[in-house]
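Just input_25.cif here, mmCIF, C-alpha atoms:
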data_query
#
loop_
_atom_site.label_atom_id
_atom_site.label_comp_id
_atom_site.auth_asym_id
_atom_site.auth_seq_id
_atom_site.Cartn_x
_atom_site.Cartn_y
_atom_site.Cartn_z
CA MET P 1 -9.23 -23.00 55.19
CA SER P 2 -8.48 -21.56 51.83
CA THR P 3 -7.81 -23.27 48.55
CA ASP P 4 -5.66 -21.83 45.85
CA ILE P 5 -7.35 -22.02 42.51
CA GLN P 6 -4.93 -22.16 39.67
CA THR P 7 -5.30 -19.70 36.82
CA PRO P 8 -6.25 -21.57 33.67
CA ARG P 9 -3.27 -22.51 31.51
CA SER P 10 -0.83 -21.28 34.12
CA GLY P 11 2.16 -23.09 35.46
CA LYS P 12 2.74 -23.45 39.20
CA ILE P 13 0.71 -21.10 41.39
CA GLY P 14 2.45 -17.85 42.10
CA SER P 15 5.26 -18.49 39.66
CA GLY P 16 3.84 -15.85 37.30
CA LYS P 17 4.82 -18.08 34.44
CA ILE P 18 2.70 -19.51 31.67
CA ALA P 19 3.01 -23.23 31.19
CA PRO P 20 5.37 -23.91 28.26
CA GLN P 21 2.77 -25.54 26.04
CA TYR P 22 0.64 -22.38 26.17
CA ARG P 23 3.39 -19.86 25.74
CA ARG P 24 3.29 -17.72 22.63
CA GLY P 25 6.16 -16.68 20.45
CA THR P 26 8.65 -19.32 21.46
CA GLY P 27 8.53 -21.14 18.15
CA SER P 28 11.25 -21.07 15.55
CA LYS P 29 9.72 -17.92 14.04
CA GLY P 30 10.62 -15.81 17.05
CA ASN P 31 8.86 -12.47 17.10
CA PHE P 32 8.54 -12.24 13.33
CA GLU P 33 4.74 -12.02 13.31
CA MET P 34 4.76 -9.28 15.93
CA PHE P 35 7.27 -7.24 13.95
CA ALA P 36 5.24 -7.79 10.77
CA TRP P 37 2.13 -6.53 12.59
CA LEU P 38 4.01 -3.50 13.89
CA PHE P 39 5.57 -2.82 10.49
CA MET P 40 2.13 -2.69 8.86
CA ARG P 41 1.08 0.10 11.22
CA LEU P 42 4.30 2.11 11.09
CA SER P 43 4.73 1.86 7.32
CA GLY P 44 1.01 2.54 6.87
CA VAL P 45 1.25 5.94 8.53
CA VAL P 46 4.28 6.91 6.44
CA LEU P 47 2.66 5.62 3.24
CA VAL P 48 -0.42 7.78 3.76
CA VAL P 49 1.84 10.86 3.64
CA LEU P 50 4.03 9.58 0.78
CA ILE P 51 1.18 8.42 -1.47
CA PHE P 52 -1.13 11.37 -0.84
CA GLY P 53 1.81 13.66 -1.65
CA HIS P 54 2.61 11.61 -4.77
CA LEU P 55 -0.98 11.81 -6.03
CA PHE P 56 -1.28 15.51 -5.27
CA VAL P 57 1.96 16.57 -6.95
CA ASN P 58 1.50 14.32 -10.00
CA LEU P 59 -2.24 14.55 -10.66
CA MET P 60 -3.76 17.56 -8.89
CA VAL P 61 -1.47 20.52 -9.60
CA GLY P 62 -0.71 22.12 -12.95
CA GLU P 63 -2.23 20.25 -15.87
CA GLY P 64 -2.51 17.04 -13.83
CA ILE P 65 -2.17 13.83 -15.81
CA HIS P 66 -1.55 15.73 -19.06
CA GLY P 67 1.68 17.06 -17.58
CA ILE P 68 3.15 13.59 -17.10
CA ASP P 69 5.71 12.53 -19.67
CA PHE P 70 9.41 11.62 -19.77
CA GLY P 71 10.41 15.22 -19.05
CA PHE P 72 8.18 15.32 -15.96
CA VAL P 73 9.87 12.24 -14.49
CA ALA P 74 13.30 13.56 -15.45
CA GLY P 75 12.55 16.87 -13.76
CA LYS P 76 11.50 15.14 -10.55
CA TRP P 77 14.42 12.72 -10.38
CA ALA P 78 16.90 15.50 -10.99
CA ASP P 79 16.12 16.33 -7.35
CA PRO P 80 17.43 13.90 -4.67
CA PHE P 81 14.39 14.83 -2.59
CA TRP P 82 12.03 13.13 -5.06
CA GLN P 83 14.45 10.27 -5.63
CA PHE P 84 14.38 9.55 -1.92
CA TRP P 85 10.61 10.09 -1.75
CA ASP P 86 9.97 7.58 -4.54
CA LEU P 87 12.52 5.12 -3.18
CA ALA P 88 10.90 5.18 0.27
CA MET P 89 7.47 4.82 -1.32
CA LEU P 90 8.63 1.88 -3.46
CA TRP P 91 10.17 -0.07 -0.59
CA LEU P 92 7.53 0.64 2.03
CA ALA P 93 4.60 0.04 -0.32
CA MET P 94 6.07 -3.19 -1.68
CA LEU P 95 6.88 -4.59 1.76
CA HIS P 96 3.50 -3.46 3.14
CA GLY P 97 1.67 -4.96 0.17
CA THR P 98 3.68 -8.17 0.20
CA ASN P 99 3.01 -8.71 3.88
CA GLY P 100 -0.68 -8.01 3.32
CA VAL P 101 -0.92 -10.56 0.51
CA ARG P 102 1.14 -13.03 2.60
CA THR P 103 -1.50 -12.72 5.33
CA ILE P 104 -4.28 -13.31 2.83
CA ILE P 105 -2.51 -16.38 1.41
CA ASN P 106 -2.10 -17.76 4.94
CA ASP P 107 -5.79 -17.15 5.61
CA TYR P 108 -7.30 -18.71 2.51
CA ALA P 109 -4.88 -21.26 1.04
CA GLU P 110 -5.49 -24.35 3.09
CA LYS P 111 -3.07 -26.85 1.58
CA ASP P 112 0.55 -26.57 2.70
CA ALA P 113 1.85 -26.91 -0.85
CA THR P 114 -0.53 -24.28 -2.21
CA ARG P 115 0.47 -21.82 0.49
CA LEU P 116 4.14 -22.48 -0.13
CA TRP P 117 3.95 -21.97 -3.89
CA LEU P 118 1.76 -18.90 -3.72
CA LYS P 119 4.26 -17.35 -1.34
CA VAL P 120 7.23 -18.34 -3.52
CA VAL P 121 5.56 -16.56 -6.46
CA LEU P 122 4.72 -13.56 -4.26
CA TYR P 123 8.25 -13.18 -2.88
CA ALA P 124 9.79 -13.60 -6.32
CA ALA P 125 7.56 -10.85 -7.71
CA THR P 126 8.42 -8.61 -4.77
CA VAL P 127 12.17 -9.04 -5.21
CA VAL P 128 11.98 -8.38 -8.95
CA ILE P 129 9.85 -5.25 -8.56
CA VAL P 130 11.84 -3.78 -5.66
CA VAL P 131 15.22 -4.40 -7.33
CA LEU P 132 13.99 -3.14 -10.69
CA GLY P 133 12.41 -0.01 -9.21
CA THR P 134 15.48 0.79 -7.13
CA LEU P 135 17.80 0.40 -10.11
CA VAL P 136 15.56 2.59 -12.26
CA ILE P 137 15.53 5.40 -9.68
CA PHE P 138 19.32 5.36 -9.29
CA THR P 139 20.50 4.64 -12.82
CA PHE P 140 18.01 6.95 -14.50
CA ASN P 141 19.50 9.04 -17.29
CA PRO P 142 17.45 12.11 -18.27
CA CYS P 143 19.32 12.41 -21.55
CA PRO P 144 19.84 8.91 -22.97
CA VAL P 145 22.37 8.52 -25.77
CA VAL P 146 22.64 5.33 -27.84
CA ASN P 147 25.71 4.88 -30.08
CA GLY P 148 26.48 8.56 -29.81
CA VAL P 149 22.99 9.60 -30.88
CA GLN P 150 20.56 11.23 -28.48
CA LEU P 151 17.25 9.38 -28.17
CA PRO P 152 14.28 11.55 -29.13
CA GLY P 153 12.23 12.94 -26.27
CA GLY P 154 15.17 13.12 -23.86
CA PHE P 155 15.50 15.82 -21.26
CA CYS P 156 18.87 17.21 -22.31
CA PRO P 157 20.56 20.33 -21.01
CA ALA P 158 21.03 23.03 -23.63
CA PRO P 159 24.42 22.59 -25.36
CA MET Y 1 -30.34 -19.26 18.18
CA PRO Y 2 -27.05 -18.02 19.56
CA THR Y 3 -26.70 -14.32 19.86
CA LYS Y 4 -23.63 -12.33 18.95
CA PRO Y 5 -21.39 -11.78 21.96
CA ALA Y 6 -21.16 -8.17 23.05
CA GLY Y 7 -18.12 -6.15 22.12
CA THR Y 8 -16.80 -8.11 19.19
CA LEU Y 9 -14.94 -6.01 16.69
CA TYR Y 10 -14.51 -8.16 13.62
CA ARG Y 11 -17.70 -10.24 13.63
CA GLY Y 12 -20.59 -8.74 11.73
CA ARG Y 13 -21.67 -5.22 10.90
CA GLU Y 14 -19.31 -2.27 10.48
CA GLY Y 15 -16.24 -3.92 11.97
CA MET Y 16 -16.40 -6.92 9.64
CA TRP Y 17 -17.38 -5.10 6.47
CA SER Y 18 -14.65 -2.50 6.89
CA TRP Y 19 -12.21 -5.40 7.30
CA VAL Y 20 -13.51 -6.96 4.07
CA GLY Y 21 -13.20 -3.59 2.31
CA HIS Y 22 -9.67 -3.17 3.64
CA ARG Y 23 -8.60 -6.55 2.22
CA ILE Y 24 -10.15 -6.03 -1.19
CA THR Y 25 -8.78 -2.50 -1.63
CA GLY Y 26 -5.38 -3.68 -0.40
CA VAL Y 27 -5.15 -6.42 -3.02
CA VAL Y 28 -6.30 -4.08 -5.79
CA ILE Y 29 -3.70 -1.48 -4.82
CA PHE Y 30 -0.94 -4.12 -4.63
CA PHE Y 31 -1.55 -5.40 -8.15
CA PHE Y 32 -1.67 -1.86 -9.51
CA LEU Y 33 1.61 -1.14 -7.72
CA LEU Y 34 3.31 -4.04 -9.55
CA VAL Y 35 2.11 -2.69 -12.90
CA HIS Y 36 2.95 0.91 -11.98
CA VAL Y 37 6.59 0.09 -11.16
CA LEU Y 38 6.85 -1.76 -14.48
CA ASP Y 39 5.39 1.12 -16.53
CA THR Y 40 7.57 3.69 -14.77
CA SER Y 41 10.60 1.49 -15.44
CA LEU Y 42 10.18 2.22 -19.13
CA VAL Y 43 11.92 5.57 -18.52
CA ARG Y 44 15.03 3.39 -18.44
CA VAL Y 45 14.25 1.94 -21.89
CA SER Y 46 13.66 5.15 -23.83
CA PRO Y 47 11.78 8.44 -23.52
CA GLU Y 48 9.48 7.36 -26.35
CA ALA Y 49 8.60 4.03 -24.73
CA TYR Y 50 7.68 5.78 -21.51
CA THR Y 51 5.66 8.50 -23.19
CA ALA Y 52 3.81 5.86 -25.23
CA VAL Y 53 2.76 3.80 -22.22
CA ILE Y 54 1.85 6.88 -20.19
CA GLY Y 55 -0.32 7.91 -23.12
CA ALA Y 56 -2.44 4.84 -22.35
CA TYR Y 57 -3.15 6.25 -18.88
CA LYS Y 58 -4.54 9.39 -20.45
CA ASN Y 59 -7.53 7.87 -22.26
CA PRO Y 60 -10.99 8.35 -20.73
CA LEU Y 61 -11.54 4.70 -19.81
CA MET Y 62 -8.25 4.64 -17.91
CA ALA Y 63 -9.21 7.91 -16.21
CA LEU Y 64 -12.20 6.09 -14.71
CA GLY Y 65 -9.91 3.26 -13.63
CA GLU Y 66 -7.50 5.72 -11.99
CA THR Y 67 -10.41 7.34 -10.18
CA GLY Y 68 -11.52 3.93 -8.91
CA LEU Y 69 -7.97 3.18 -7.82
CA VAL Y 70 -7.77 6.42 -5.86
CA ALA Y 71 -11.15 5.61 -4.26
CA ALA Y 72 -9.56 2.35 -3.05
CA ILE Y 73 -6.36 4.08 -1.88
CA VAL Y 74 -8.19 6.79 0.08
CA PHE Y 75 -10.42 4.24 1.81
CA HIS Y 76 -7.46 1.96 2.61
CA ALA Y 77 -5.49 4.93 3.96
CA PHE Y 78 -8.19 6.33 6.26
CA ASN Y 79 -9.44 2.93 7.38
CA GLY Y 80 -5.82 1.93 8.05
CA LEU Y 81 -5.47 4.91 10.37
CA ARG Y 82 -8.70 3.74 12.05
CA VAL Y 83 -7.22 0.26 12.54
CA ILE Y 84 -4.15 1.85 14.12
CA ALA Y 85 -6.39 3.87 16.44
CA ILE Y 86 -8.30 0.70 17.38
CA ASP Y 87 -5.05 -1.10 18.20
CA PHE Y 88 -3.16 1.67 20.00
CA TRP Y 89 -5.77 4.03 21.44
CA LYS Y 90 -7.25 2.91 24.75
CA LYS Y 91 -10.80 3.73 23.66
CA GLY Y 92 -10.25 2.71 20.04
CA ALA Y 93 -12.28 -0.49 20.10
CA LYS Y 94 -15.15 1.28 21.86
CA TYR Y 95 -15.39 3.97 19.23
CA GLN Y 96 -14.53 1.86 16.18
CA ARG Y 97 -18.01 2.31 14.71
CA GLN Y 98 -17.97 6.09 15.04
CA MET Y 99 -14.46 6.11 13.59
CA LEU Y 100 -15.67 4.15 10.57
CA TRP Y 101 -18.30 6.79 9.84
CA THR Y 102 -15.61 9.43 10.22
CA VAL Y 103 -13.51 7.46 7.72
CA LEU Y 104 -16.40 7.35 5.26
CA VAL Y 105 -17.09 11.08 5.55
CA LEU Y 106 -13.39 11.90 5.07
CA TRP Y 107 -13.29 9.44 2.17
CA LEU Y 108 -16.23 11.18 0.50
CA VAL Y 109 -14.65 14.63 0.88
CA VAL Y 110 -11.11 13.71 -0.22
CA PHE Y 111 -12.11 11.27 -2.95
CA GLY Y 112 -14.84 13.64 -4.18
CA ALA Y 113 -12.35 16.47 -4.52
CA PHE Y 114 -9.88 14.21 -6.32
CA ALA Y 115 -12.52 12.83 -8.69
CA ILE Y 116 -13.80 16.26 -9.69
CA ARG Y 117 -10.30 17.59 -10.37
CA HIS Y 118 -8.90 14.47 -12.05
CA LEU Y 119 -11.91 13.72 -14.24
CA SER Y 120 -12.27 17.33 -15.37
CA LEU Y 121 -8.56 17.30 -16.32
CA ALA Y 122 -8.62 13.86 -17.95
CA LEU Y 123 -11.97 14.09 -19.72
CA GLY Y 124 -11.98 17.82 -20.31
CA GLY Y 125 -10.04 17.56 -23.54
CA HIS Y 126 -6.64 19.05 -23.96
#
So, in terms of structure tokens, how does the structure I just supplied come out?
Amino acid sequence: MSTDIQTPRSGKIGSGKIAPQYRRGTGSKGNFEMFAWLFMRLSGVVLVVLIFGHLFVNLMVGEGIHGIDFGFVAGKWADPFWQFWDLAMLWLAMLHGTNGVRTIINDYAEKDATRLWLKVVLYAATVVIVVLGTLVIFTFNPCPVVNGVQLPGGFCPAP
Amino acid sequence: MPTKPAGTLYRGREGMWSWVGHRITGVVIFFFLLVHVLDTSLVRVSPEAYTAVIGAYKNPLMALGETGLVAAIVFHAFNGLRVIAIDFWKKGAKYQRQMLWTVLVLWLVVFGAFAIRHLSLALGGH
């Protein structure tokens, strides 16, 4: 005579189903946490390339940090390649960083209200920085003119 | 006294300390990123405003700060790749310790090269 021993936390024997109270990922949040976890890994790989490239081109070649001024930025953003590079870096790094800090807040802030407010501040900062950075990349003017007068230090084409 | 269960990844020793290091470097990088987007945004204000704030990055004390920041970035990058290997590679958890030492050697090489180049440029007078 044999006895079936039920798998811990399982539903009916042989059903292959997990009892509802032990099932993961059926809450109102859906698969959000899984996608956040996956996003950290995917964006991380891309960010290694983007940021190492950023550091190398800006700080290692030529005169390094001494070469960085308004004209340097203007020269880079004249090229859609660097506009896209910096835009991708901005969005991926901000979302990666925001999700990292969100995880840390969830880990260490024990009161519900504290967690909520820390995350409100975090998300507000993220939105401001991402929107600001995106606008700057796309509305950048290498040769700014105010009231018909060119601002000093601009990167203007020869007349 | 209870002993540590075999095969834990994040409790004690290399696994835990690399996790601590990953968190701390991550937070440092995030706060720098906020500031860095703000300082770069000054290109939209005026060429002079941007050049003035970038001038602050060129003083020797800031050069040390930048070098520290890159130390954090390089560790976070290589250790992040190690975390990915632990999660997705079948033998990742088994070799996590060896991978951490690989991360530290790579960190030393890449960060060392950066520090020599950046500090000689930044402190070398111009």
Select all residues from chain P having any atom no more than 8 Å from an atom of chain Y (counting all atoms listed in the file, ignoring ligands), output as a PDB file with C-alpha atoms, keeping the file's coordinate frame.
ATOM      1  CA  ARG P  41       1.080   0.100  11.220  1.00  0.00           C
ATOM      2  CA  GLY P  44       1.010   2.540   6.870  1.00  0.00           C
ATOM      3  CA  VAL P  45       1.250   5.940   8.530  1.00  0.00           C
ATOM      4  CA  VAL P  48      -0.420   7.780   3.760  1.00  0.00           C
ATOM      5  CA  LEU P  59      -2.240  14.550 -10.660  1.00  0.00           C
ATOM      6  CA  MET P  60      -3.760  17.560  -8.890  1.00  0.00           C
ATOM      7  CA  GLU P  63      -2.230  20.250 -15.870  1.00  0.00           C
ATOM      8  CA  GLY P  64      -2.510  17.040 -13.830  1.00  0.00           C
ATOM      9  CA  ILE P  65      -2.170  13.830 -15.810  1.00  0.00           C
ATOM     10  CA  HIS P  66      -1.550  15.730 -19.060  1.00  0.00           C
ATOM     11  CA  ILE P  68       3.150  13.590 -17.100  1.00  0.00           C
ATOM     12  CA  ASP P  69       5.710  12.530 -19.670  1.00  0.00           C
ATOM     13  CA  PHE P  70       9.410  11.620 -19.770  1.00  0.00           C
ATOM     14  CA  MET P  94       6.070  -3.190  -1.680  1.00  0.00           C
ATOM     15  CA  GLY P  97       1.670  -4.960   0.170  1.00  0.00           C
ATOM     16  CA  THR P  98       3.680  -8.170   0.200  1.00  0.00           C
ATOM     17  CA  GLY P 100      -0.680  -8.010   3.320  1.00  0.00           C
ATOM     18  CA  VAL P 101      -0.920 -10.560   0.510  1.00  0.00           C
ATOM     19  CA  ILE P 129       9.850  -5.250  -8.560  1.00  0.00           C
ATOM     20  CA  LEU P 132      13.990  -3.140 -10.690  1.00  0.00           C
ATOM     21  CA  GLY P 133      12.410  -0.010  -9.210  1.00  0.00           C
ATOM     22  CA  VAL P 136      15.560   2.590 -12.260  1.00  0.00           C
ATOM     23  CA  THR P 139      20.500   4.640 -12.820  1.00  0.00           C
ATOM     24  CA  PHE P 140      18.010   6.950 -14.500  1.00  0.00           C
ATOM     25  CA  ASN P 141      19.500   9.040 -17.290  1.00  0.00           C
ATOM     26  CA  PRO P 144      19.840   8.910 -22.970  1.00  0.00           C
ATOM     27  CA  LEU P 151      17.250   9.380 -28.170  1.00  0.00           C
ATOM     28  CA  PRO P 152      14.280  11.550 -29.130  1.00  0.00           C
ATOM     29  CA  GLY P 153      12.230  12.940 -26.270  1.00  0.00           C
ATOM     30  CA  GLY P 154      15.170  13.120 -23.860  1.00  0.00           C
TER      31      GLY P 154
END
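For the pair atom CA of Lys91 of chain Y and atom CA of Met34 of chain P, the interatomic distance is 21.7 Å.
Here atom CA of Arg13 of chain Y and atom CA of Lys90 of chain Y stand 21.6 Å from one another.
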*Out of P:His96, P:His54, P:Arg23, P:Lys119, which residue has the shortest atom-to-atom distance to Leu38 of chain P when counting only C-alpha atoms?*
P:His96
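Near (-12.1, 0.4, 19.6), the residues inside the 12 Å limit, counting all atoms listed in the file, come to Y:Gly7, Y:Thr8, Y:Leu9, Y:Tyr10, Y:Glu14, Y:Gly15, Y:Arg82, Y:Val83, Y:Ile84, Y:Ala85, Y:Ile86, Y:Asp87, Y:Phe88, Y:Trp89, Y:Lys90, Y:Lys91, Y:Gly92, Y:Ala93, Y:Lys94, Y:Tyr95, Y:Gln96, Y:Arg97, Y:Gln98, Y:Met99, Y:Leu100.
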Could you write those residues out with C-alpha atoms, as an mmCIF file, in the frame of the given file?
data_model
loop_
_atom_site.group_PDB
_atom_site.id
_atom_site.type_symbol
_atom_site.label_atom_id
_atom_site.label_comp_id
_atom_site.auth_asym_id
_atom_site.auth_seq_id
_atom_site.Cartn_x
_atom_site.Cartn_y
_atom_site.Cartn_z
ATOM 1 C CA GLY Y 7 -18.120 -6.150 22.120
ATOM 2 C CA THR Y 8 -16.800 -8.110 19.190
ATOM 3 C CA LEU Y 9 -14.940 -6.010 16.690
ATOM 4 C CA TYR Y 10 -14.510 -8.160 13.620
ATOM 5 C CA GLU Y 14 -19.310 -2.270 10.480
ATOM 6 C CA GLY Y 15 -16.240 -3.920 11.970
ATOM 7 C CA ARG Y 82 -8.700 3.740 12.050
ATOM 8 C CA VAL Y 83 -7.220 0.260 12.540
ATOM 9 C CA ILE Y 84 -4.150 1.850 14.120
ATOM 10 C CA ALA Y 85 -6.390 3.870 16.440
ATOM 11 C CA ILE Y 86 -8.300 0.700 17.380
ATOM 12 C CA ASP Y 87 -5.050 -1.100 18.200
ATOM 13 C CA PHE Y 88 -3.160 1.670 20.000
ATOM 14 C CA TRP Y 89 -5.770 4.030 21.440
ATOM 15 C CA LYS Y 90 -7.250 2.910 24.750
ATOM 16 C CA LYS Y 91 -10.800 3.730 23.660
ATOM 17 C CA GLY Y 92 -10.250 2.710 20.040
ATOM 18 C CA ALA Y 93 -12.280 -0.490 20.100
ATOM 19 C CA LYS Y 94 -15.150 1.280 21.860
ATOM 20 C CA TYR Y 95 -15.390 3.970 19.230
ATOM 21 C CA GLN Y 96 -14.530 1.860 16.180
ATOM 22 C CA ARG Y 97 -18.010 2.310 14.710
ATOM 23 C CA GLN Y 98 -17.970 6.090 15.040
ATOM 24 C CA MET Y 99 -14.460 6.110 13.590
ATOM 25 C CA LEU Y 100 -15.670 4.150 10.570
#
Name the residues in contact with Val131 of chain P at a cut-off of 10 Å, using all atoms listed in the file, excluding same-chain residues fewer than 5 positions from it; report them as a PDB file with C-alpha atoms, in the coordinates of the input.
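Result file is result_21.pdb:
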ATOM      1  CA  LEU P  90       8.630   1.880  -3.460  1.00  0.00           C
ATOM      2  CA  TRP P  91      10.170  -0.070  -0.590  1.00  0.00           C
ATOM      3  CA  THR P 126       8.420  -8.610  -4.770  1.00  0.00           C
ATOM      4  CA  VAL P 136      15.560   2.590 -12.260  1.00  0.00           C
TER       5      VAL P 136
END
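When the distance limit is 12 Å and all atoms listed in the file are what count, the residues near Trp77 of chain P, minus those fewer than 2 positions from it on the same chain, are Phe70, Gly71, Phe72, Val73, Ala74, Gly75, Asp79, Pro80, Phe81, Trp82, Gln83, Phe84, Trp85, Asp86, Leu87, Val136, Ile137, Phe138, Thr139, Phe140, Asn141, Pro142 and Phe155 of chain P; Val43 of chain Y.
Of note, atom CA of Val103 of chain Y and atom CA of Asn79 of chain Y are spaced 6.1 Å apart.
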Padding of 4 Å on every side, edges along x, y and z, all listed atoms of segment 104-120 of chain P included: what centre and edge lengths in Å, to one decimal, does that box have, as JSON?
{"center_x": 0.0, "center_y": -20.1, "center_z": 0.9, "size_x": 22.5, "size_y": 21.6, "size_z": 17.5}
